[in-house]
Amino acid sequence: MPLQAIYTYELSGLWKSWLIRAWLIATMLLTFLIVTSNWAATPTAPLVAMLLFPYLVFPWFLVVLLLGLNPVTGSRLEALSDGILSRPVTRLEYLLASWAARVTAALAVLFVVIVPAVLMVSLADRPASADDPVTLYGVIASLAVVAIVMTFLVSIGFFAGTAFRSSMFAAAALILIWMPVNIVLHTFSLEEFSPISLNQSLPTLLRTPWNEDETSTAVRIAGGEDLQAAADFFSAMTGGRPASTKREPEFYQQGNYEDFSLARVFMGYGFPTLAALVCTTALFYRHDL
Amino acid sequence: MELAIQTEHLTKIYGVRVIAVNDMTLRVPTGAVYGLLGPNGAGKTTTLRVLLGLQRPSAGFAKVFGHPCGPNATNVRAMIGYLPTHPVLPGHLCPIEYLELLGKLCRIPRQIRKPRLTSLLRAVGLLSATDRRIQTFSTGMRTRLGIAASLLADPPLLIWDEPTAGLDPAARRFTLDLIRDLAKSRTVMVATHILSDIDQTCDHVGVMHEGRMIFSGSMHEMKQRLRRDDFCLELDGDCEDIRQLAERASQVHGIEIMPHEQNTVLVKVTEGCSRAGVIAEVLRLVDQSNLTLQGIRSTQNETEFAYLQLLQQDSDHGFRRFDLQSPLQEHAAASDLHV
């Protein structure tokens, strides 16, 4: 019962916050602008990728980071300790509920705006859509990719909010860390995980049918590339160099992104998300309120 | 004696810089109304927050009804109704929504939760404000809502941190009456630096100074420590008559008398003399004069006097406050047992 109560309380608080309301309005306006200005000329897949660009790259990733920041920083700490944590609630229960509420809020804003827009541009009889259809699998997979990246962003925001007592400092630190992420990923040959690369690969993913992806994923797993990518990722996270046998990032060079692997992306963002949650819990457990 | 609260050598040091609680040992018997007294910064709130598991002790331990306190000690928090000083409440909620949330956090079933929160809102006089958001509440209303929140789970132990801070006289009276009422059925701990609150409500008292417990015992024991050697006489009459009374009284053995405030004289009893004898002699002199006695009163509130005396004694002790021996002896005893 406490988990659900905190989740509902946080969600209602978020819905009443100016950040979420302003973001919702802004994202609606931006989506409307992108759709109307590209309605006639842009094929469906690039147009959908264009719609998802603000969530992955700029500017909404900033909002998502900030959204994760504030549950355990600044003045909220006092209200939190007086109101919730002085009751029979564990800190883990509070963190999980609060994190889930933030992820829900971020994804709700994404889906409420994007799903109708994607349906409209894919189903409408537009001059530019005739030769470039998107698949249902492609749409679901693309939205899932954006969702996992947003979940990751909320989680690192959550971690920074716990690590630094000042929200302003946490926000500045996060932005400074996140801005050059492409350079960092390039250094460790992990460009396929960068938000820009993901966005560039979305048109290919959007055109991918369900069966084709299943086959290619199976082949790749058999080849052990996913495991290699995961190993490289962990190696990078621990400060080591990727294995010397690492192949060159072909899809990045080819530019057609055909060997895009959904499983690899989910691992690449899923593990750090879990790590951020574990670290946040460990840090928060040691905090004095 | 069953203990509601027990701390042993409790120490809290913030960031290796500030000592908030200093090797504090505290025992609160079950059923007591315990006043935790101390000047600002004495470590009262820190102690309470350690009991709630909101802060972790740097050394020592704290137990509530025999259960150790800590961040994950939900069983301990389930037994505590906590009222913070100037409670920070979610302003966007209405009182019913807030109590409903807390009821769910305390895992109170719906059938019990709903009637209890409505009766609590009525009891604290907030029934007419249930449609208002908490952010529009005055300090007194917030405190009353905080009181309702602390009672929601019907806990056996109430910990209220400065419950009368910022309240008007009527709200203060309401809160003190409530403490007396609630104390009939549960243990109450009230942290405050307002001595009259302690005087009116508590049967046990602990005095903290610079993070350390310098006195803990019953109110009776605290007042017994008092050495009262002076009192004031309020007189009605001419200034000349008062001056003459002072002159005559100063010739009596064991009395020092001097004008104090307007129409008041301060009578000091010399050490070793009988207080009752001195008072009788002074009253006889007043009776013989042209003055009318309007009252006899203490120069200070007794508890206030005892409290200030304790603080003064603690400061006077200087380096003798360094109590190295007892923790070391206990440690040695524990080591012997292990061997």
# chains A, B, ... in the order shown; residues from 1 in each chain; ligands from 1
$ closest_atom_pairs --of "chain B" --to "chain A" --cutoff "7 Å" --atoms "only C-alpha atoms" --output "tab-separated table"
residue	atom	partner	partner_atom	distance
B:Leu52	CA	A:Ser86	CA	6.2
B:Leu54	CA	A:Leu289	CA	5.3
B:Gln55	CA	A:Asp288	CA	4.5
B:Arg56	CA	A:Asp288	CA	6.6
B:Pro71	CA	A:Thr90	CA	7.0
B:Asn72	CA	A:Thr90	CA	5.3
B:Thr74	CA	A:Pro88	CA	4.2
B:Asn75	CA	A:Pro88	CA	6.6
B:Arg77	CA	A:Pro88	CA	5.0
B:Ala78	CA	A:Pro88	CA	5.0
B:Pro84	CA	A:Asp82	CA	6.5
B:Pro87	CA	A:Asp82	CA	6.5
B:Val88	CA	A:Ala79	CA	5.0
B:Leu89	CA	A:Ala79	CA	6.1
B:Leu101	CA	A:Ala5	CA	6.2
B:Lys104	CA	A:Pro2	CA	5.8
B:Leu105	CA	A:Pro2	CA	4.4
B:Cys106	CA	A:Pro88	CA	5.8
B:Arg107	CA	A:Met1	CA	6.3
$ residues_around --residues "Ala172 in chain A" --least-positions-apart "6" --cutoff "12 Å" --atoms "only C-alpha atoms" --output "list in words"
Leu62, Leu65, Leu66, Leu69, Gly157, Ala160, Gly161, Phe164, Ser166, Trp178 and Met179 of chain A
$ write_last_selection --atoms "N, CA and C atoms" --output "short mmCIF file (atom, residue, chain, number, x, y, z; two decimals), in the first residue's frame"
data_model
loop_
_atom_site.label_atom_id
_atom_site.label_comp_id
_atom_site.auth_asym_id
_atom_site.auth_seq_id
_atom_site.Cartn_x
_atom_site.Cartn_y
_atom_site.Cartn_z
N LEU A 62 16.79 17.69 -21.65
CA LEU A 62 17.08 18.53 -20.48
C LEU A 62 15.93 18.49 -19.47
N LEU A 65 15.92 15.21 -17.67
CA LEU A 65 16.97 15.18 -16.64
C LEU A 65 16.51 15.94 -15.39
N LEU A 66 15.93 17.12 -15.62
CA LEU A 66 15.48 17.94 -14.49
C LEU A 66 14.35 17.26 -13.73
N LEU A 69 15.57 15.05 -11.19
CA LEU A 69 16.43 15.66 -10.17
C LEU A 69 15.83 15.83 -8.79
N GLY A 157 19.28 11.49 -13.63
CA GLY A 157 18.84 12.70 -12.92
C GLY A 157 18.58 12.38 -11.46
N ALA A 160 21.88 11.92 -9.69
CA ALA A 160 22.56 13.21 -9.43
C ALA A 160 21.85 13.98 -8.32
N GLY A 161 20.51 13.90 -8.32
CA GLY A 161 19.73 14.59 -7.29
C GLY A 161 20.03 14.05 -5.90
N PHE A 164 24.10 15.03 -5.11
CA PHE A 164 24.36 16.43 -4.77
C PHE A 164 23.16 16.99 -4.04
N SER A 166 22.36 20.11 -3.62
CA SER A 166 21.76 21.27 -4.28
C SER A 166 21.26 20.88 -5.67
N TRP A 178 26.39 15.22 -19.61
CA TRP A 178 25.61 14.66 -20.70
C TRP A 178 25.93 15.30 -22.06
N MET A 179 26.24 16.61 -22.01
CA MET A 179 26.48 17.32 -23.28
C MET A 179 27.56 16.65 -24.14
#
$ atom_distance --atom1 "CA of Ala20 in chain B" --atom2 "CA of Ser196 in chain B"
24.9 Å
$ residues_around --residues "Pro46 in chain A" --least-positions-apart "3" --cutoff "8 Å" --atoms "only C-alpha atoms" --output "ChimeraX atom specification"
/A:42-43,49-50,202-203
$ closest_residue --among "A:Thr281, A:Trp23, A:Tyr7, A:Ala141" --to "Ala263 in chain A" --atoms "only C-alpha atoms"
A:Ala141
$ residues_around --residues "Val35 in chain A" --least-positions-apart "4" --cutoff "9 Å" --atoms "only C-alpha atoms" --output "CSV table (one decimal) with N, CA and C atoms, in the first residue's frame"
chain,number,residue,atom,x,y,z
A,30,LEU,N,5.7,22.1,-30.6
A,30,LEU,CA,6.9,21.7,-31.4
A,30,LEU,C,6.5,20.6,-32.4
A,31,THR,N,5.7,19.6,-31.9
A,31,THR,CA,5.3,18.5,-32.7
A,31,THR,C,4.4,19.1,-33.8
A,39,TRP,N,4.8,18.2,-43.7
A,39,TRP,CA,3.7,17.4,-44.1
A,39,TRP,C,3.8,16.9,-45.5
A,47,LEU,N,10.3,11.7,-41.1
A,47,LEU,CA,9.5,12.6,-40.3
A,47,LEU,C,9.2,12.2,-38.9
A,48,VAL,N,9.0,10.9,-38.7
A,48,VAL,CA,8.8,10.3,-37.4
A,48,VAL,C,10.1,10.5,-36.6
A,51,LEU,N,10.4,13.8,-35.4
A,51,LEU,CA,9.5,14.1,-34.2
A,51,LEU,C,10.1,13.6,-32.9
A,117,ALA,N,0.5,11.9,-33.2
A,117,ALA,CA,1.2,12.5,-34.3
A,117,ALA,C,1.8,11.5,-35.3
A,121,VAL,N,0.7,11.0,-39.2
A,121,VAL,CA,1.7,11.0,-40.4
A,121,VAL,C,1.8,9.7,-41.1
$ atom_distance --atom1 "CA of Leu14 in chain A" --atom2 "CA of Ala108 in chain A"
11.5 Å
